[in-house]
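Novice: The following block contains the structure, expressed as structure tokens.
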Amino acid sequence: YAIENEIPYELVESIEGDDEEVILPDEEINTPGSGSTPDTTPEEVATELLYEVVTNDFDEVQVWITGYTSVPEELVIPGAYGDLETAVVSGGAFKDCDIVKTVRMEFLYEIQAEAFAGCTNLTHVTIPRKDVWGIQERAFADCTSLVEIYIPRSVSVIADDAFEGCRTSFTIVTHEGCFADEYHWKDGIGPKEGRKKMINTHWGGVVEDNSFGT
């Protein structure tokens, strides 16, 4: 998986359980945990994110980003690692990080409390066009340089203090979209008990069980 600064990611080991936390290194590191680091130039900073593998209430196995050991100024949070979706940026994951200037998230459901609070050099944020449903308490609080944030229509929950302490004026850009962007008629075919369940991010995060159909 390659991000914009051409630093690839890979899932370096199989994770079992809900609480184990690992570092995602550049694939040029030959031995995970060996302490070796890839060669980088001053313009190319390796992104090493900490994460947990979590099973949610729907028995879906997901990646939750919990922190970092190294980040560039232009941070891209990958939408998946291997077959696992990146679902959540956990509370306080990037709190008080003064390195990051822009953040682009490729796929996500939720940005938890204080995930980016105190990132004083953060100016631009792009949230995925769909799927995200919630921006929680003080998620971007005290991001005093924030100029612009792209928020999709799927977001149904924005905490009152999500942007507390930010500039008195910054731009919020919303994306168009609706549930039809995600719905597929084939999901409504067959025995109801075996149909795919999904979260309707355009209607308050309710569960769509695809029971309507043939």
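Following the order of the structure tokens, first chain is A, next is B, and so on, with residues numbered from 1 inside each chain and ligands from 1 in the order they appear.
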Which of segment 86-119 of chain A counts as strand (DSSP E) under DSSP, as a list in words please?

Specialist: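 Of segment 86-119 of chain A, only Thr86, Ala87, Val88, Val89, Thr102, Val103, Arg104, Met105, Glu110 and Ile111 of chain A fall in strand (DSSP E).
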
Novice: Go ahead and write the selection's residues with N, CA and C atoms as an mmCIF file, in the first residue's frame.

Specialist:
data_model
loop_
_atom_site.group_PDB
_atom_site.id
_atom_site.type_symbol
_atom_site.label_atom_id
_atom_site.label_comp_id
_atom_site.auth_asym_id
_atom_site.auth_seq_id
_atom_site.Cartn_x
_atom_site.Cartn_y
_atom_site.Cartn_z
ATOM 1 N N THR A 86 -9.391 0.613 8.284
ATOM 2 C CA THR A 86 -9.065 1.581 9.332
ATOM 3 C C THR A 86 -10.365 2.270 9.714
ATOM 4 N N ALA A 87 -10.900 1.955 10.891
ATOM 5 C CA ALA A 87 -12.238 2.395 11.245
ATOM 6 C C ALA A 87 -12.273 3.614 12.162
ATOM 7 N N VAL A 88 -11.281 3.749 13.052
ATOM 8 C CA VAL A 88 -11.350 4.766 14.097
ATOM 9 C C VAL A 88 -9.977 5.393 14.319
ATOM 10 N N VAL A 89 -9.959 6.720 14.510
ATOM 11 C CA VAL A 89 -8.796 7.385 15.096
ATOM 12 C C VAL A 89 -9.125 7.549 16.575
ATOM 13 N N THR A 102 -1.102 18.935 7.497
ATOM 14 C CA THR A 102 -2.311 18.518 6.788
ATOM 15 C C THR A 102 -2.585 17.050 7.097
ATOM 16 N N VAL A 103 -3.868 16.710 7.141
ATOM 17 C CA VAL A 103 -4.276 15.331 7.384
ATOM 18 C C VAL A 103 -5.310 14.937 6.338
ATOM 19 N N ARG A 104 -5.079 13.785 5.708
ATOM 20 C CA ARG A 104 -6.080 13.208 4.810
ATOM 21 C C ARG A 104 -6.345 11.777 5.245
ATOM 22 N N MET A 105 -7.601 11.494 5.486
ATOM 23 C CA MET A 105 -8.005 10.158 5.913
ATOM 24 C C MET A 105 -8.695 9.473 4.742
ATOM 25 N N GLU A 110 -15.093 6.935 12.582
ATOM 26 C CA GLU A 110 -15.221 7.824 13.735
ATOM 27 C C GLU A 110 -13.882 8.455 14.098
ATOM 28 N N ILE A 111 -13.946 9.732 14.509
ATOM 29 C CA ILE A 111 -12.798 10.437 15.071
ATOM 30 C C ILE A 111 -13.125 10.688 16.533
#

Novice: Need the shell around segment 128-138 of chain A: protein/DNA/RNA residues with any atom at most 6 Å away, counting only C-alpha atoms. Skip same-chain ones fewer than 5 positions apart. Format as a list of chain:residue names?

Specialist: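 The contact residues come out as A:Met105, A:Glu106, A:Phe107, A:Leu108, A:Tyr109, A:Glu110, A:Ile111, A:Gln112, A:Ala113, A:Glu114, A:Pro152, A:Ser154, A:Val155, A:Ser156, A:Val157, A:Ile158, A:Ala159, A:Asp161, A:Ala162, A:Thr201.
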
Novice: Report as a list of chain:residue names all protein, DNA and RNA residues lying within 7 Å of segment 60-70 of chain A, evaluated on only C-alpha atoms, omitting residues in the same chain fewer than 3 positions from it.

Specialist: A:Ala46, A:Thr47, A:Glu48, A:Leu49, A:Leu50, A:Tyr51, A:Glu52, A:Val53, A:Val54, A:Thr55, A:Asn56, A:Leu84, A:Glu85, A:Thr86, A:Ala87, A:Val88, A:Val89, A:Ser90, A:Ala93, A:Phe94

Novice: Calculated over only C-alpha atoms, which of the candidates A:Val173, A:Pro78, A:His124, A:Arg153 has the smallest distance to Phe140 of chain A?

Specialist: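 Checking each candidate against Phe140 of chain A, we get A:His124 as the closest.
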